[in-house]
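Visitor: Next comes query_22.cif, mmCIF, C-alpha atoms:
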```cif
data_upload
loop_
_atom_site.group_PDB
_atom_site.id
_atom_site.type_symbol
_atom_site.label_atom_id
_atom_site.label_comp_id
_atom_site.auth_asym_id
_atom_site.auth_seq_id
_atom_site.Cartn_x
_atom_site.Cartn_y
_atom_site.Cartn_z
ATOM 1 C CA MET A 1 -3.322 33.501 -12.296
ATOM 2 C CA ASN A 2 -0.617 31.262 -13.764
ATOM 3 C CA LEU A 3 2.006 33.798 -12.695
ATOM 4 C CA LEU A 4 0.634 33.778 -9.142
ATOM 5 C CA LYS A 5 0.777 29.961 -9.026
ATOM 6 C CA PHE A 6 4.328 30.079 -10.346
ATOM 7 C CA VAL A 7 5.422 32.594 -7.692
ATOM 8 C CA CYS A 8 3.674 30.711 -4.845
ATOM 9 C CA ALA A 9 5.297 27.442 -5.907
ATOM 10 C CA ILE A 10 8.759 29.037 -5.850
ATOM 11 C CA ILE A 11 8.233 30.912 -2.549
ATOM 12 C CA THR A 12 6.950 27.810 -0.749
ATOM 13 C CA ARG A 13 9.871 25.636 -1.818
ATOM 14 C CA ALA A 14 12.310 28.438 -1.005
ATOM 15 C CA LEU A 15 10.902 28.568 2.538
ATOM 16 C CA PHE A 16 11.247 24.797 2.813
ATOM 17 C CA ILE A 17 14.903 24.966 1.771
ATOM 18 C CA LEU A 18 15.600 27.945 4.057
ATOM 19 C CA VAL A 19 14.202 26.234 7.167
ATOM 20 C CA SER A 20 16.049 23.021 6.327
ATOM 21 C CA LEU A 21 19.249 25.028 5.864
ATOM 22 C CA VAL A 22 18.804 26.613 9.293
ATOM 23 C CA GLY A 23 18.495 23.106 10.750
ATOM 24 C CA VAL A 24 21.734 22.001 9.094
ATOM 25 C CA TRP A 25 23.429 25.158 10.357
ATOM 26 C CA ARG A 26 22.263 24.399 13.881
ATOM 27 C CA VAL A 27 23.564 20.825 13.601
ATOM 28 C CA THR A 28 27.009 22.040 12.513
ATOM 29 C CA LEU A 29 27.074 24.415 15.493
ATOM 30 C CA VAL A 30 26.153 21.855 18.158
ATOM 31 C CA LYS A 31 28.382 19.156 16.665
ATOM 32 C CA GLU A 32 31.228 21.640 15.992
ATOM 33 C CA ASP A 33 32.072 19.808 12.805
ATOM 34 C CA MET A 34 31.577 21.144 9.275
ATOM 35 C CA TYR A 35 31.264 17.559 8.072
ATOM 36 C CA TRP A 36 27.547 17.792 8.860
ATOM 37 C CA ILE A 37 27.139 20.389 6.107
ATOM 38 C CA LEU A 38 26.777 17.370 3.815
ATOM 39 C CA LEU A 39 23.188 17.185 5.038
ATOM 40 C CA THR A 40 22.491 19.901 2.467
ATOM 41 C CA LEU A 41 22.709 17.172 -0.181
ATOM 42 C CA LEU A 42 19.222 16.168 0.961
ATOM 43 C CA PHE A 43 17.982 19.454 -0.563
ATOM 44 C CA LEU A 44 18.834 18.299 -4.091
ATOM 45 C CA PRO A 45 15.677 16.156 -4.612
ATOM 46 C CA LEU A 46 13.515 19.127 -3.556
ATOM 47 C CA VAL A 47 15.325 21.450 -5.977
ATOM 48 C CA LEU A 48 15.003 18.881 -8.768
ATOM 49 C CA GLU A 49 11.307 18.421 -8.017
ATOM 50 C CA MET A 50 10.793 22.191 -8.154
ATOM 51 C CA ILE A 51 12.422 22.419 -11.589
ATOM 52 C CA ILE A 52 10.371 19.512 -12.976
ATOM 53 C CA THR A 53 7.081 20.739 -11.481
ATOM 54 C CA LEU A 54 7.556 24.310 -12.681
ATOM 55 C CA LYS A 55 8.505 23.168 -16.164
ATOM 56 C CA ARG A 56 5.971 20.399 -16.769
ATOM 57 C CA ARG A 57 3.050 21.206 -14.460
ATOM 58 C CA LYS A 58 3.383 25.009 -14.191
ATOM 59 C CA GLY A 59 3.727 24.664 -10.417
ATOM 60 C CA GLN A 60 0.521 22.655 -9.950
ATOM 61 C CA ASP A 61 0.538 20.008 -7.217
ATOM 62 C CA TYR A 62 -0.729 16.431 -7.547
ATOM 63 C CA LYS A 63 -4.162 15.130 -6.533
ATOM 64 C CA TRP A 64 -3.357 12.396 -4.014
ATOM 65 C CA PHE A 65 0.184 13.250 -2.935
ATOM 66 C CA SER A 66 2.357 16.337 -2.419
ATOM 67 C CA PRO A 67 5.995 15.660 -3.475
ATOM 68 C CA PRO A 68 7.398 19.006 -2.185
ATOM 69 C CA ILE A 69 6.105 18.391 1.340
ATOM 70 C CA PHE A 70 7.418 14.814 1.308
ATOM 71 C CA LEU A 71 10.849 15.902 0.077
ATOM 72 C CA PHE A 72 10.865 18.749 2.618
ATOM 73 C CA LEU A 73 10.339 16.200 5.393
ATOM 74 C CA ILE A 74 13.189 14.089 4.020
ATOM 75 C CA SER A 75 15.494 17.112 4.098
ATOM 76 C CA ILE A 76 14.581 18.288 7.598
ATOM 77 C CA ILE A 77 13.875 15.153 9.669
ATOM 78 C CA PRO A 78 17.552 14.025 9.908
ATOM 79 C CA SER A 79 18.506 17.399 11.403
ATOM 80 C CA ILE A 80 15.730 17.129 13.989
ATOM 81 C CA TRP A 81 16.856 13.620 14.949
ATOM 82 C CA ILE A 82 20.449 14.810 15.392
ATOM 83 C CA LEU A 83 19.433 17.842 17.453
ATOM 84 C CA GLU A 84 17.244 15.835 19.813
ATOM 85 C CA LEU A 85 19.782 13.036 20.272
ATOM 86 C CA HIS A 86 22.452 15.639 20.961
ATOM 87 C CA HIS A 87 20.146 17.277 23.497
ATOM 88 C CA GLN A 88 19.623 13.978 25.307
ATOM 89 C CA GLN A 89 23.349 13.212 25.333
ATOM 90 C CA ASP A 90 24.454 16.647 26.446
ATOM 91 C CA LYS A 91 21.686 18.125 28.578
ATOM 92 C CA ALA A 92 24.104 20.207 30.591
ATOM 93 C CA ASN A 93 25.159 22.210 27.550
ATOM 94 C CA ASP A 94 21.690 22.343 26.078
ATOM 95 C CA HIS A 95 20.381 23.987 29.220
ATOM 96 C CA GLN A 96 22.123 27.103 27.953
ATOM 97 C CA CYS A 97 19.497 27.350 25.201
ATOM 98 C CA ARG A 98 16.998 30.085 25.815
ATOM 99 C CA LYS A 99 13.258 29.870 25.435
ATOM 100 C CA LEU A 100 11.008 32.565 24.005
ATOM 101 C CA ASP A 101 9.211 33.018 27.331
ATOM 102 C CA SER A 102 10.199 36.626 28.121
ATOM 103 C CA TRP A 103 10.871 39.921 26.358
ATOM 104 C CA GLU A 104 14.505 39.751 27.450
ATOM 105 C CA ASN A 105 15.064 36.377 25.816
ATOM 106 C CA LEU A 106 13.174 37.518 22.735
ATOM 107 C CA ARG A 107 15.442 40.561 22.445
ATOM 108 C CA ARG A 108 18.545 38.368 22.756
ATOM 109 C CA VAL A 109 17.566 36.142 19.835
ATOM 110 C CA ILE A 110 16.893 38.946 17.367
ATOM 111 C CA THR A 111 20.153 38.439 15.502
ATOM 112 C CA LEU A 112 20.421 35.514 13.085
ATOM 113 C CA ASN A 113 23.396 33.948 14.837
ATOM 114 C CA GLU A 114 21.692 34.011 18.233
ATOM 115 C CA THR A 115 18.498 32.631 16.717
ATOM 116 C CA VAL A 116 20.320 29.648 15.241
ATOM 117 C CA ARG A 117 22.308 29.002 18.405
ATOM 118 C CA ASN A 118 19.199 29.073 20.600
ATOM 119 C CA LEU A 119 17.153 26.890 18.270
ATOM 120 C CA THR A 120 16.176 23.852 20.344
ATOM 121 C CA TYR A 121 14.462 20.718 19.145
ATOM 122 C CA GLN A 122 11.051 21.843 20.396
ATOM 123 C CA ASN A 123 11.290 25.284 18.787
ATOM 124 C CA TYR A 124 12.388 23.730 15.515
ATOM 125 C CA MET A 125 9.484 21.279 15.720
ATOM 126 C CA LYS A 126 7.004 24.145 16.096
ATOM 127 C CA ILE A 127 8.503 25.976 13.117
ATOM 128 C CA LEU A 128 8.318 22.779 11.047
ATOM 129 C CA LEU A 129 4.644 22.123 11.813
ATOM 130 C CA ILE A 130 3.618 25.725 11.175
ATOM 131 C CA LEU A 131 5.520 25.794 7.890
ATOM 132 C CA LEU A 132 3.894 22.542 6.755
ATOM 133 C CA ILE A 133 0.439 24.089 7.204
ATOM 134 C CA VAL A 134 1.328 27.461 5.671
ATOM 135 C CA GLY A 135 3.283 25.798 2.873
ATOM 136 C CA LYS A 136 0.368 23.564 1.950
ATOM 137 C CA TRP A 137 -1.870 26.644 1.906
ATOM 138 C CA LEU A 138 0.498 28.491 -0.439
ATOM 139 C CA LEU A 139 1.168 25.615 -2.814
ATOM 140 C CA PRO A 140 -0.977 25.673 -5.986
ATOM 141 C CA LEU A 141 -3.924 23.277 -5.870
ATOM 142 C CA GLY A 142 -3.546 19.841 -7.403
ATOM 143 C CA GLY A 143 -5.961 18.363 -9.889
ATOM 144 C CA GLY A 144 -9.191 17.331 -8.180
ATOM 145 C CA VAL A 145 -8.432 19.334 -5.002
ATOM 146 C CA THR A 146 -10.902 22.221 -4.677
ATOM 147 C CA ARG A 147 -10.630 25.189 -2.333
ATOM 148 C CA ASP A 148 -13.251 23.590 -0.096
ATOM 149 C CA LYS A 149 -11.224 20.373 0.146
ATOM 150 C CA LEU A 150 -8.060 22.376 0.754
ATOM 151 C CA SER A 151 -9.708 24.170 3.683
ATOM 152 C CA GLN A 152 -10.782 20.814 5.133
ATOM 153 C CA LEU A 153 -7.259 19.460 4.690
ATOM 154 C CA LEU A 154 -5.708 22.491 6.411
ATOM 155 C CA LEU A 155 -8.068 22.111 9.381
ATOM 156 C CA ILE A 156 -7.085 18.437 9.618
ATOM 157 C CA PHE A 157 -3.420 19.459 9.481
ATOM 158 C CA VAL A 158 -3.898 21.922 12.361
ATOM 159 C CA GLY A 159 -5.431 19.229 14.579
ATOM 160 C CA THR A 160 -2.799 16.683 13.559
ATOM 161 C CA ALA A 161 0.050 19.118 14.213
ATOM 162 C CA ALA A 162 -1.309 19.926 17.689
ATOM 163 C CA ASP A 163 -1.542 16.221 18.574
ATOM 164 C CA ILE A 164 1.968 15.499 17.286
ATOM 165 C CA LEU A 165 3.474 18.464 19.146
ATOM 166 C CA GLU A 166 1.712 17.445 22.337
ATOM 167 C CA PHE A 167 2.945 13.859 21.935
ATOM 168 C CA THR A 168 6.597 14.783 21.443
ATOM 169 C CA SER A 169 6.760 17.500 24.104
ATOM 170 C CA GLU A 170 4.949 15.516 26.796
ATOM 171 C CA THR A 171 6.547 12.140 26.089
ATOM 172 C CA LEU A 172 10.108 13.380 25.637
ATOM 173 C CA SER A 173 9.829 15.215 28.952
ATOM 174 C CA ASP A 174 9.306 11.808 30.581
ATOM 175 C CA VAL A 175 12.562 10.393 29.213
ATOM 176 C CA LYS A 176 15.040 9.511 31.895
ATOM 177 C CA GLU A 177 18.775 9.846 31.404
ATOM 178 C CA ASN A 178 19.157 6.054 31.550
ATOM 179 C CA SER A 179 16.490 5.424 28.879
ATOM 180 C CA PRO A 180 18.079 6.466 25.572
ATOM 181 C CA GLN A 181 16.233 3.694 23.709
ATOM 182 C CA LEU A 182 12.952 5.434 24.479
ATOM 183 C CA VAL A 183 14.176 8.528 22.616
ATOM 184 C CA TYR A 184 14.666 6.438 19.473
ATOM 185 C CA ILE A 185 11.174 4.952 19.856
ATOM 186 C CA ILE A 186 9.563 8.375 20.245
ATOM 187 C CA LEU A 187 11.458 9.850 17.297
ATOM 188 C CA ALA A 188 10.594 6.854 15.117
ATOM 189 C CA VAL A 189 6.878 7.149 15.930
ATOM 190 C CA TRP A 190 7.036 10.913 15.372
ATOM 191 C CA THR A 191 8.691 10.396 11.969
ATOM 192 C CA TRP A 192 6.035 7.849 11.034
ATOM 193 C CA SER A 193 3.221 10.222 12.065
ATOM 194 C CA MET A 194 4.663 13.040 9.941
ATOM 195 C CA LEU A 195 3.947 11.005 6.792
ATOM 196 C CA GLN A 196 0.309 12.138 7.042
ATOM 197 C CA PHE A 197 1.153 15.605 5.745
ATOM 198 C CA PRO A 198 2.108 14.777 2.131
ATOM 199 C CA LEU A 199 -1.115 12.785 1.616
ATOM 200 C CA HIS A 200 -4.480 14.175 0.491
ATOM 201 C CA LEU A 201 -6.475 10.969 0.949
ATOM 202 C CA ALA A 202 -8.395 12.363 3.913
ATOM 203 C CA VAL A 203 -10.334 14.780 1.666
ATOM 204 C CA VAL A 204 -10.024 13.419 -1.888
ATOM 205 C CA ASN A 205 -12.378 10.542 -2.667
ATOM 206 C CA LYS A 206 -13.568 8.628 -5.701
ATOM 207 C CA SER A 207 -16.958 10.263 -6.063
ATOM 208 C CA ASP A 208 -16.466 10.741 -9.776
ATOM 209 C CA SER A 209 -15.992 7.036 -10.375
ATOM 210 C CA GLU A 210 -19.040 6.264 -8.230
ATOM 211 C CA GLY A 211 -21.269 8.270 -10.525
ATOM 212 C CA GLU A 212 -19.986 6.449 -13.576
ATOM 213 C CA LEU A 213 -20.275 2.902 -12.223
ATOM 214 C CA GLY A 214 -23.617 3.121 -10.484
ATOM 215 C CA GLU A 215 -24.536 2.408 -6.888
ATOM 216 C CA GLN A 216 -24.607 -1.378 -7.208
ATOM 217 C CA ASP A 217 -21.066 -1.550 -8.623
ATOM 218 C CA VAL A 218 -19.391 0.739 -6.071
ATOM 219 C CA SER A 219 -17.038 -1.006 -3.635
ATOM 220 C CA LEU A 220 -16.755 -0.232 0.060
ATOM 221 C CA LEU A 221 -13.372 1.441 -0.410
ATOM 222 C CA ALA A 222 -14.619 3.590 -3.296
ATOM 223 C CA LYS A 223 -17.755 4.708 -1.460
ATOM 224 C CA HIS A 224 -16.135 5.484 1.892
ATOM 225 C CA SER A 225 -12.513 6.130 0.914
ATOM 226 C CA THR A 226 -12.122 9.317 2.970
ATOM 227 C CA ASP A 227 -13.714 7.777 6.068
ATOM 228 C CA ILE A 228 -11.632 4.608 5.817
ATOM 229 C CA TRP A 229 -8.431 6.582 5.296
ATOM 230 C CA GLY A 230 -9.216 8.686 8.377
ATOM 231 C CA ILE A 231 -9.674 5.477 10.378
ATOM 232 C CA VAL A 232 -6.408 4.042 9.019
ATOM 233 C CA GLU A 233 -4.579 7.226 10.001
ATOM 234 C CA ALA A 234 -5.912 7.070 13.545
ATOM 235 C CA LEU A 235 -5.234 3.354 14.040
ATOM 236 C CA PHE A 236 -1.865 2.894 12.360
ATOM 237 C CA ILE A 237 -0.231 6.309 11.923
ATOM 238 C CA GLN A 238 -1.252 8.524 14.834
ATOM 239 C CA ASP A 239 -3.362 7.526 17.839
ATOM 240 C CA GLY A 240 -2.560 3.808 17.687
ATOM 241 C CA PRO A 241 1.256 4.267 17.768
ATOM 242 C CA PHE A 242 0.930 7.126 20.281
ATOM 243 C CA LEU A 243 -1.068 4.841 22.590
ATOM 244 C CA MET A 244 1.524 2.054 22.317
ATOM 245 C CA VAL A 245 4.358 4.450 23.198
ATOM 246 C CA ARG A 246 2.510 5.856 26.199
ATOM 247 C CA LEU A 247 1.641 2.381 27.465
ATOM 248 C CA THR A 248 5.314 1.433 27.065
ATOM 249 C CA VAL A 249 6.377 4.499 29.049
ATOM 250 C CA MET A 250 3.965 3.620 31.864
ATOM 251 C CA THR A 251 4.561 -0.138 32.030
ATOM 252 C CA TYR A 252 8.206 -0.626 31.049
ATOM 253 C CA PHE A 253 9.755 2.643 32.225
ATOM 254 C CA ASP A 254 7.505 3.081 35.308
ATOM 255 C CA VAL A 255 6.529 6.669 34.527
ATOM 256 C CA PHE A 256 3.104 7.815 35.768
ATOM 257 C CA HIS A 257 1.545 11.255 35.972
ATOM 258 C CA GLN A 258 -1.842 12.830 35.281
ATOM 259 C CA MET A 259 -1.114 14.189 31.819
ATOM 260 C CA LEU A 260 0.367 10.921 30.595
ATOM 261 C CA ILE A 261 -2.630 8.944 31.821
ATOM 262 C CA PHE A 262 -5.068 11.480 30.376
ATOM 263 C CA PHE A 263 -3.535 11.416 26.888
ATOM 264 C CA ALA A 264 -3.249 7.622 26.979
ATOM 265 C CA ILE A 265 -6.977 7.388 27.738
ATOM 266 C CA LYS A 266 -7.665 9.914 24.972
ATOM 267 C CA ASN A 267 -5.705 7.837 22.424
ATOM 268 C CA PHE A 268 -7.462 4.676 23.604
ATOM 269 C CA LEU A 269 -10.892 6.268 23.157
ATOM 270 C CA VAL A 270 -9.978 7.502 19.662
ATOM 271 C CA VAL A 271 -8.848 3.992 18.679
ATOM 272 C CA ILE A 272 -12.006 2.358 20.068
ATOM 273 C CA LEU A 273 -14.316 4.931 18.474
ATOM 274 C CA ASN A 274 -12.625 4.530 15.089
ATOM 275 C CA LEU A 275 -13.008 0.738 15.289
ATOM 276 C CA TYR A 276 -16.675 1.286 16.124
ATOM 277 C CA ARG A 277 -17.046 3.659 13.181
ATOM 278 C CA LEU A 278 -15.416 1.137 10.847
ATOM 279 C CA ALA A 279 -17.864 -1.536 12.012
ATOM 280 C CA VAL A 280 -20.801 0.833 11.438
ATOM 281 C CA ILE A 281 -19.585 1.715 7.930
ATOM 282 C CA CYS A 282 -19.195 -1.960 6.993
ATOM 283 C CA GLN A 283 -22.608 -2.870 8.409
ATOM 284 C CA ASP A 284 -24.359 -0.009 6.624
ATOM 285 C CA PHE A 285 -22.626 -0.928 3.363
ATOM 286 C CA ARG A 286 -23.801 -4.529 3.626
ATOM 287 C CA SER A 287 -27.343 -3.390 4.438
ATOM 288 C CA SER A 288 -27.457 -1.008 1.471
ATOM 289 C CA GLY A 289 -26.076 -3.763 -0.764
ATOM 290 C CA ARG A 290 -28.816 -6.164 0.290
ATOM 291 C CA SER A 291 -31.491 -3.506 -0.218
ATOM 292 C CA THR A 292 -30.189 -2.761 -3.708
ATOM 293 C CA SER A 293 -30.104 -6.453 -4.619
ATOM 294 C CA GLN A 294 -33.659 -7.007 -3.377
ATOM 295 C CA GLY A 295 -34.865 -3.944 -5.268
ATOM 296 C CA ILE A 296 -33.381 -5.276 -8.503
ATOM 297 C CA ALA A 297 -34.782 -8.789 -7.978
ATOM 298 C CA VAL A 298 -38.377 -7.560 -7.478
ATOM 299 C CA PRO A 299 -40.136 -7.239 -10.893
#
```
Rewrite the coordinates I just gave you, this time as structure tokens.

Guide:
Amino acid sequence: MNLLKFVCAIITRALFILVSLVGVWRVTLVKEDMYWILLTLLFLPLVLEMIITLKRRKGQDYKWFSPPIFLFLISIIPSIWILELHHQQDKANDHQCRKLDSWENLRRVITLNETVRNLTYQNYMKILLILLIVGKWLLPLGGGVTRDKLSQLLLIFVGTAADILEFTSETLSDVKENSPQLVYIILAVWTWSMLQFPLHLAVVNKSDSEGELGEQDVSLLAKHSTDIWGIVEALFIQDGPFLMVRLTVMTYFDVFHQMLIFFAIKNFLVVILNLYRLAVICQDFRSSGRSTSQGIAVP
């Protein structure tokens, strides 16, 4: 079992480095400057983390946070920014990129060189999100993270990845040639939303400490940590920022269409429902606290 964990830890990090390397290769091709190969220096923290984790923790991940996924994002996000900004600045050239929407195009990208040359921002984004989910599945479990919690986390990742991909593809398609500042806003919000993946707070709670302290001594955060973290994610990391960007696109950039309005309403409903859920959690906690206090006071 320890050998399997060791092998999975190495394979996952090797895949992370390989995909990041492909991104750097693509950047050097579109920029036609080998100077960008220096982006490979961002791989060094991931390699160092792999050596330390394999030596000291036998490949085991941490309970609340996943350093390899965080360092993988650090190594790959700059390449994605550069590719998308290059695409916006040079759309005429980027139209030469082929999509995987026919057998003919699929046959033409079989070779490695063609695959790298035809790697657009959107295709790279899909590869990144899929690898984050598969990589988390392959990584050895951290302390306190059971298989049941891992399955819950992976399902959350699938939903999160779908929302993020929908946000970037739909919103970036609305960018006009004279609105480069909107590209920076979208990429910044996308980068911020990607920080959900290294965290395990959505499934790991403090149930152990609750049993030790007793019901009357448990705080609101300790009792409902997973619920509160899910609300924080929706309000400040995902649906809240997505809603603000879509409202900005509609009001400031005068872009309106059915899909944009639909997803804006969807984000608004998620924000409102999470605020309602937070109010319900706080009210129920106060009610249970009063009931416990009254039960103790009665002889």

Visitor: Skip A:Ser66 itself and residues of its chain fewer than 3 positions away, then list as a list of chain:residue names all residues within 7 Å of it, counting all atoms listed in the file.

Guide: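 The neighbour list is A:Asp61, A:Tyr62, A:Ile69, A:Phe70, A:Pro198, A:Leu199.
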
Visitor: Taking the file as shown, find all residues satisfying the PyMOL selection byres ((chain A and resi 8-14) around 10) and write them as a PyMOL selection string.

Guide: chain A and resi 2-7+15-20+46-47+49-51+53-54+58-61+68-69+71-72+131-132+134-140

Visitor: Which distance in Å separates atom CA of A:Arg286 and atom CA of A:Asn267, to one decimal?

Guide: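 So the answer is 28.9 Å.
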
Visitor: I'd like to see the residues matched by the PyMOL selection byres ((chain A and resi 153-164) around 8) on this file, and ideally I'd get them as a short mmCIF file (atom, residue, chain, number, x, y, z; two decimals) with C-alpha atoms, in the frame of the given file.

Guide:
```cif
data_model
loop_
_atom_site.label_atom_id
_atom_site.label_comp_id
_atom_site.auth_asym_id
_atom_site.auth_seq_id
_atom_site.Cartn_x
_atom_site.Cartn_y
_atom_site.Cartn_z
CA LEU A 129 4.64 22.12 11.81
CA ILE A 133 0.44 24.09 7.20
CA LYS A 136 0.37 23.56 1.95
CA TRP A 137 -1.87 26.64 1.91
CA LYS A 149 -11.22 20.37 0.15
CA LEU A 150 -8.06 22.38 0.75
CA SER A 151 -9.71 24.17 3.68
CA GLN A 152 -10.78 20.81 5.13
CA LEU A 165 3.47 18.46 19.15
CA GLU A 166 1.71 17.44 22.34
CA PHE A 167 2.94 13.86 21.94
CA THR A 168 6.60 14.78 21.44
CA TRP A 190 7.04 10.91 15.37
CA SER A 193 3.22 10.22 12.06
CA PHE A 197 1.15 15.60 5.74
CA HIS A 200 -4.48 14.18 0.49
CA ALA A 202 -8.40 12.36 3.91
CA VAL A 203 -10.33 14.78 1.67
#
```

Visitor: Can you measure atom CA of A:Pro78 to atom CA of A:Val24 for me? One decimal in Å is fine.

Guide: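 These atoms are spaced 9.0 Å apart.
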
Visitor: Taking the file as shown, find all residues satisfying the PyMOL selection byres ((chain A and resi 260) around 12) and write them as a tab-separated table (two decimals) with C-alpha atoms, in the coordinates of the input.

Guide:
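Resulting contents of result-v5.tsv:
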```
chain	number	residue	atom	x	y	z
A	166	GLU	CA	1.71	17.44	22.34
A	167	PHE	CA	2.94	13.86	21.94
A	168	THR	CA	6.60	14.78	21.44
A	169	SER	CA	6.76	17.50	24.10
A	170	GLU	CA	4.95	15.52	26.80
A	171	THR	CA	6.55	12.14	26.09
A	172	LEU	CA	10.11	13.38	25.64
A	173	SER	CA	9.83	15.22	28.95
A	174	ASP	CA	9.31	11.81	30.58
A	242	PHE	CA	0.93	7.13	20.28
A	243	LEU	CA	-1.07	4.84	22.59
A	245	VAL	CA	4.36	4.45	23.20
A	246	ARG	CA	2.51	5.86	26.20
A	247	LEU	CA	1.64	2.38	27.46
A	248	THR	CA	5.31	1.43	27.06
A	249	VAL	CA	6.38	4.50	29.05
A	250	MET	CA	3.96	3.62	31.86
A	251	THR	CA	4.56	-0.14	32.03
A	254	ASP	CA	7.50	3.08	35.31
A	255	VAL	CA	6.53	6.67	34.53
A	256	PHE	CA	3.10	7.82	35.77
A	257	HIS	CA	1.54	11.26	35.97
A	258	GLN	CA	-1.84	12.83	35.28
A	259	MET	CA	-1.11	14.19	31.82
A	261	ILE	CA	-2.63	8.94	31.82
A	262	PHE	CA	-5.07	11.48	30.38
A	263	PHE	CA	-3.54	11.42	26.89
A	264	ALA	CA	-3.25	7.62	26.98
A	265	ILE	CA	-6.98	7.39	27.74
A	266	LYS	CA	-7.66	9.91	24.97
A	267	ASN	CA	-5.70	7.84	22.42
```

Visitor: So which residues touch A:Val280 within 12 Å, counting all atoms listed in the file, skipping near sequence neighbours fewer than 6 positions away, as a list in words?

Guide: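 So the residues in contact are His224, Asp227, Ile228, Leu273, Asn274, Arg286 and Ser287 of chain A.
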
Visitor: Just give me the gap between atom CA of A:Met244 and atom CA of A:Ile127 in Å, one decimal is fine.

Guide: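 Straight-line distance from atom CA of A:Met244 to atom CA of A:Ile127 works out to 26.6 Å.
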
Visitor: Considering all atoms listed in the file, state which residue in the set A:His87, A:Arg26, A:Arg277, A:Lys63 is at the smallest distance from A:Val183.

Guide: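 So, comparing all the options, the nearest one is A:His87.
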
Visitor: Select, from A:Ile74, A:Val218, A:Leu278, A:Ile237, the residue with the minimum atom-to-atom distance to A:Leu44, counting only C-alpha atoms.

Guide: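 Closest candidate: A:Ile74.
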
Visitor: Pick out the closest residue to A:Leu182 from this set: A:Phe236, A:Tyr35, A:Tyr252, A:Trp81. Count all atoms listed in the file.

Guide: A:Tyr252

Visitor: As lines of an AutoDock Vina configuration file, please: the centre and edge lengths in Å, to one decimal, of an axis-aligned box enclosing every listed atom of stretch 15-32 of chain A with 4 Å added on each side.

Guide:
```
center_x = 21.1
center_y = 23.9
center_z = 10.0
size_x = 28.3
size_y = 17.4
size_z = 24.4
```

Visitor: Let me make sure I understand: among A:Leu221, A:Asp148, A:Ser179, A:Pro241, which one has the smallest atom-to-atom distance to A:Phe253 if we use only C-alpha atoms?

Guide: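 Between A:Leu221, A:Asp148, A:Ser179, A:Pro241, the residue approaching A:Phe253 most closely is A:Ser179.
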
Visitor: Here is a test: counting only C-alpha atoms, which residue of A:Leu85, A:Leu73, A:Val22, A:Leu269 is nearest to A:Pro180?

Guide: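 Looking at the shortest contact to A:Pro180, the residue is A:Leu85.
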
Visitor: When you write stretch 224-233 of chain A out from the block above, keep N, CA, C and O atoms and present the result as an mmCIF file, in the first residue's frame, please.

Guide:
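decode04.cif written:
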```cif
data_model
loop_
_atom_site.group_PDB
_atom_site.id
_atom_site.type_symbol
_atom_site.label_atom_id
_atom_site.label_comp_id
_atom_site.auth_asym_id
_atom_site.auth_seq_id
_atom_site.Cartn_x
_atom_site.Cartn_y
_atom_site.Cartn_z
ATOM 1 N N HIS A 224 -20.613 24.200 12.235
ATOM 2 C CA HIS A 224 -21.068 24.270 10.839
ATOM 3 C C HIS A 224 -19.936 24.731 9.920
ATOM 4 O O HIS A 224 -20.159 25.532 9.010
ATOM 5 N N SER A 225 -18.734 24.238 10.152
ATOM 6 C CA SER A 225 -17.580 24.720 9.384
ATOM 7 C C SER A 225 -17.712 24.422 7.893
ATOM 8 O O SER A 225 -17.414 25.285 7.053
ATOM 9 N N THR A 226 -18.169 23.224 7.539
ATOM 10 C CA THR A 226 -18.284 22.882 6.119
ATOM 11 C C THR A 226 -19.363 23.717 5.432
ATOM 12 O O THR A 226 -19.182 24.176 4.304
ATOM 13 N N ASP A 227 -20.494 23.912 6.118
ATOM 14 C CA ASP A 227 -21.569 24.720 5.538
ATOM 15 C C ASP A 227 -21.130 26.172 5.358
ATOM 16 O O ASP A 227 -21.393 26.788 4.318
ATOM 17 N N ILE A 228 -20.473 26.716 6.366
ATOM 18 C CA ILE A 228 -20.044 28.116 6.299
ATOM 19 C C ILE A 228 -18.986 28.291 5.220
ATOM 20 O O ILE A 228 -18.989 29.287 4.484
ATOM 21 N N TRP A 229 -18.065 27.321 5.102
ATOM 22 C CA TRP A 229 -17.057 27.437 4.054
ATOM 23 C C TRP A 229 -17.694 27.367 2.677
ATOM 24 O O TRP A 229 -17.278 28.085 1.762
ATOM 25 N N GLY A 230 -18.703 26.508 2.494
ATOM 26 C CA GLY A 230 -19.404 26.456 1.214
ATOM 27 C C GLY A 230 -20.078 27.784 0.883
ATOM 28 O O GLY A 230 -20.075 28.222 -0.273
ATOM 29 N N ILE A 231 -20.631 28.437 1.893
ATOM 30 C CA ILE A 231 -21.260 29.748 1.689
ATOM 31 C C ILE A 231 -20.206 30.793 1.336
ATOM 32 O O ILE A 231 -20.410 31.622 0.448
ATOM 33 N N VAL A 232 -19.064 30.759 2.035
ATOM 34 C CA VAL A 232 -17.982 31.706 1.746
ATOM 35 C C VAL A 232 -17.476 31.523 0.315
ATOM 36 O O VAL A 232 -17.217 32.507 -0.402
ATOM 37 N N GLU A 233 -17.329 30.286 -0.112
ATOM 38 C CA GLU A 233 -16.900 30.022 -1.485
ATOM 39 C C GLU A 233 -17.857 30.636 -2.495
ATOM 40 O O GLU A 233 -17.440 31.276 -3.465
#
```
